[in-house]
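Okay, so here's the structure we're looking at.
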Amino acid sequence: MMDHLQQTGGANRRGFMRGLLALITGGLAFLGPLIGGIALLLDPLRRHQNQGGGGFVKVGALASLPNNGLPKKFDILSDKQDAWNKYPNVPVGSVYLSRDQDNKVTAFNIICPHAGCFVQMDAKKSQFNCPCHNSQFRLDGSKANPDNPSPRGMDPLEVEIRNENEIWVRYQTFKTGVADRIPTS
Ligand code: FES
C-alpha cells in the first residue's frame with residue numbers, strides 16, 4: 001500500500017514537472033517572436049536617428065553647387081522601413097542649399113514655418129516665396145516684410161562639409177505656426 005502511494009506521488013511529481021517545462025518552453029516560444037516583432041517595429045526609429053551618423057544626411061557634392069549665393073533645391077533621401085518592407089533612398093524632404101564665395105554652405109528646410117507648404121525660389125526677385133499665403137523670405141531666410149504671415153523666418157539646418165566635397169545636412173523639421181523653432185524630428 002505504502003509502495004503504491006509513493007509510486008503514485010512520484011508519477012504526479014513527474015507529470016507536474018513535465019507540465020511546468022512545457023509551459024516554460026511554450027512561453028519562450030511565444031515571447032521570442034513577440035520581442036523580435038517589437039524590435040522590428042522600433043528599428044526604423046533607431047535607424048532614422050542614426051542615419052548618416054548624428055542625424056546628418058549626405059545631400060550632394062559641393063561641386064554641384066555654384067558659389068554665387070543662389071539657393072538650389074536638393075531632395076533629402078533616406079531609407080524608410082515599416083514592419084514588412086524596406087524602401088531604400090526615398091525622398092523624405094527637401095532643402096535649399098546655397099554656397100557663397102568663401103565656400104560657406106547654408107541650408108534651409110523647404111517647409112514654410114507658417115502652415116507647412118513648400119516655399120519656392122523666385123529667382124527674378126532673389127527671394128523665397130510661399131505660394132499658399134504669400135510669405136516672403138530673403139535669401140538669408142529672414143522675413144522679407146512685416147505683413148508676412150509666417151511667425152518666423154525659414155528654418156536653417158546644420159551643414160557639414162566632409163571629405164572636402166560632400167555636403168551633409170542635419171535634416172530636421174519644426175513645428176509650424178509658432179514663433180519659436182521647436183523641432184518635431
Ligand atoms: S504656408 Fe506658407 S505662407 Fe502660409
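Labels used: A, B, ... for chains in the order of the C-alpha cells, numbers from 1 for residues in each chain, and numbers from 1 for ligands as shown.
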**Request:** Please identify every polymer residue within 10 Å of ligand 1, using only C-alpha atoms and all ligand atoms, and present the set as a list in words.
**Result:**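 If we count only C-alpha atoms and all ligand atoms, the neighbours of ligand 1 turn out to be Ile111, Cys112, Pro113, His114, Ala115, Gly116, Cys117, Phe118, Val119, Gln120, Asn129, Cys130, Pro131, Cys132, His133, Asn134, Ser135, Gln136, Asn148, Pro149, Ser150, Pro151, Thr176 and Gly177 of chain A.
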**Request:** Tell me which protein, DNA and RNA residues are within 7 Å of Thr173 (chain A), counting only C-alpha atoms, leaving out same-chain ones fewer than 2 positions away, and put them as a list in words.
**Result:** Pro183, Thr184 and Ser185 of chain A
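From CA of Met154 (chain A) back to CA of Tyr87 (chain A), the distance works out to 29.4 Å.
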**Message:** Which residues are near Glu166 (chain A)? Cut-off 7 Å, only C-alpha atoms, ignore same chain within fewer than 4 positions. Put them as a VMD selection string.
**Reply:** chain A and resid 58 60 to 62 161 to 162
Restrict the selected residues to N, CA and C atoms and save them as an mmCIF file, in the first residue's frame.
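Output (out.cif):
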data_model
loop_
_atom_site.group_PDB
_atom_site.id
_atom_site.type_symbol
_atom_site.label_atom_id
_atom_site.label_comp_id
_atom_site.auth_asym_id
_atom_site.auth_seq_id
_atom_site.Cartn_x
_atom_site.Cartn_y
_atom_site.Cartn_z
ATOM 1 N N LYS A 58 23.815 62.773 -46.216
ATOM 2 C CA LYS A 58 24.589 63.302 -47.349
ATOM 3 C C LYS A 58 23.623 63.784 -48.414
ATOM 4 N N GLY A 60 24.574 66.100 -51.305
ATOM 5 C CA GLY A 60 25.119 66.269 -52.643
ATOM 6 C C GLY A 60 26.584 66.658 -52.590
ATOM 7 N N ALA A 61 27.091 66.978 -53.774
ATOM 8 C CA ALA A 61 28.508 67.336 -53.883
ATOM 9 C C ALA A 61 28.666 68.848 -53.887
ATOM 10 N N LEU A 62 29.711 69.315 -53.238
ATOM 11 C CA LEU A 62 29.983 70.757 -53.197
ATOM 12 C C LEU A 62 30.134 71.308 -54.620
ATOM 13 N N ILE A 161 30.752 69.955 -44.218
ATOM 14 C CA ILE A 161 31.427 69.509 -45.442
ATOM 15 C C ILE A 161 32.368 68.381 -45.030
ATOM 16 N N ARG A 162 32.167 67.216 -45.612
ATOM 17 C CA ARG A 162 33.006 66.066 -45.268
ATOM 18 C C ARG A 162 33.764 65.606 -46.504
#
Sorted by chain and rising residue number, list the residues of region 132-158 of chain A at most 12 Å from region 90-97 of chain A (counting only C-alpha atoms), each with its closest atom pair and distance in Å to one decimal, as CSV.
residue,atom,partner,partner_atom,distance
A:Leu139,CA,A:Tyr96,CA,9.9
A:Asp140,CA,A:Leu97,CA,10.9
A:Gly141,CA,A:Tyr96,CA,10.2
A:Met154,CA,A:Tyr96,CA,10.3
A:Asp155,CA,A:Val95,CA,9.8
A:Pro156,CA,A:Val95,CA,9.4
A:Leu157,CA,A:Val95,CA,8.7
A:Glu158,CA,A:Leu97,CA,11.0
**Message:** Run DSSP on the backbone and tell me which residues of region 37-167 of chain A come out as alpha helix (DSSP H); list them as a PyMOL selection string.
**Reply:** chain A and resi 37-50
May I have the residues from that selection written out with N, CA and C atoms, as an mmCIF file, in the first residue's frame?
data_model
loop_
_atom_site.group_PDB
_atom_site.id
_atom_site.type_symbol
_atom_site.label_atom_id
_atom_site.label_comp_id
_atom_site.auth_asym_id
_atom_site.auth_seq_id
_atom_site.Cartn_x
_atom_site.Cartn_y
_atom_site.Cartn_z
ATOM 1 N N GLY A 37 9.313 41.070 -32.886
ATOM 2 C CA GLY A 37 8.391 41.989 -33.575
ATOM 3 C C GLY A 37 8.501 43.399 -33.043
ATOM 4 N N ILE A 38 8.605 43.535 -31.706
ATOM 5 C CA ILE A 38 8.741 44.871 -31.110
ATOM 6 C C ILE A 38 10.046 45.518 -31.565
ATOM 7 N N ALA A 39 11.128 44.725 -31.580
ATOM 8 C CA ALA A 39 12.430 45.261 -32.019
ATOM 9 C C ALA A 39 12.349 45.724 -33.464
ATOM 10 N N LEU A 40 11.617 44.937 -34.300
ATOM 11 C CA LEU A 40 11.482 45.302 -35.721
ATOM 12 C C LEU A 40 10.702 46.595 -35.878
ATOM 13 N N LEU A 41 9.649 46.749 -35.054
ATOM 14 C CA LEU A 41 8.843 47.969 -35.136
ATOM 15 C C LEU A 41 9.656 49.187 -34.734
ATOM 16 N N LEU A 42 10.514 49.032 -33.718
ATOM 17 C CA LEU A 42 11.296 50.168 -33.233
ATOM 18 C C LEU A 42 12.511 50.430 -34.110
ATOM 19 N N ASP A 43 12.888 49.448 -34.922
ATOM 20 C CA ASP A 43 14.119 49.562 -35.685
ATOM 21 C C ASP A 43 14.163 50.772 -36.609
ATOM 22 N N PRO A 44 13.065 51.077 -37.368
ATOM 23 C CA PRO A 44 13.128 52.243 -38.245
ATOM 24 C C PRO A 44 13.419 53.529 -37.485
ATOM 25 N N LEU A 45 12.876 53.643 -36.245
ATOM 26 C CA LEU A 45 13.143 54.851 -35.457
ATOM 27 C C LEU A 45 14.624 54.957 -35.153
ATOM 28 N N ARG A 46 15.197 53.813 -34.698
ATOM 29 C CA ARG A 46 16.610 53.811 -34.362
ATOM 30 C C ARG A 46 17.442 54.109 -35.610
ATOM 31 N N ARG A 47 17.046 53.459 -36.729
ATOM 32 C CA ARG A 47 17.793 53.645 -37.958
ATOM 33 C C ARG A 47 17.740 55.102 -38.419
ATOM 34 N N HIS A 48 16.517 55.705 -38.281
ATOM 35 C CA HIS A 48 16.373 57.091 -38.718
ATOM 36 C C HIS A 48 17.280 58.009 -37.894
ATOM 37 N N GLN A 49 17.349 57.749 -36.575
ATOM 38 C CA GLN A 49 18.164 58.602 -35.719
ATOM 39 C C GLN A 49 19.641 58.478 -36.070
ATOM 40 N N ASN A 50 20.033 57.267 -36.532
ATOM 41 C CA ASN A 50 21.446 57.044 -36.786
ATOM 42 C C ASN A 50 21.834 57.352 -38.233
#
**Request:** Select from region 33-182 of chain A everything DSSP, run on the backbone, classes as strand (DSSP E or B), then give the selection as a VMD selection string.
**Result:** chain A and resid 56 to 61 72 to 81 86 to 99 105 to 109 111 118 120 to 122 127 to 129 136 to 137 143 156 to 157 159 to 162 166 to 170 174
**Prompt:** Between CA of Arg152 (chain A) and CA of Arg181 (chain A), what is the spacing in Å?
**Reply:**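 That distance, rounded to one decimal, is 8.1 Å.
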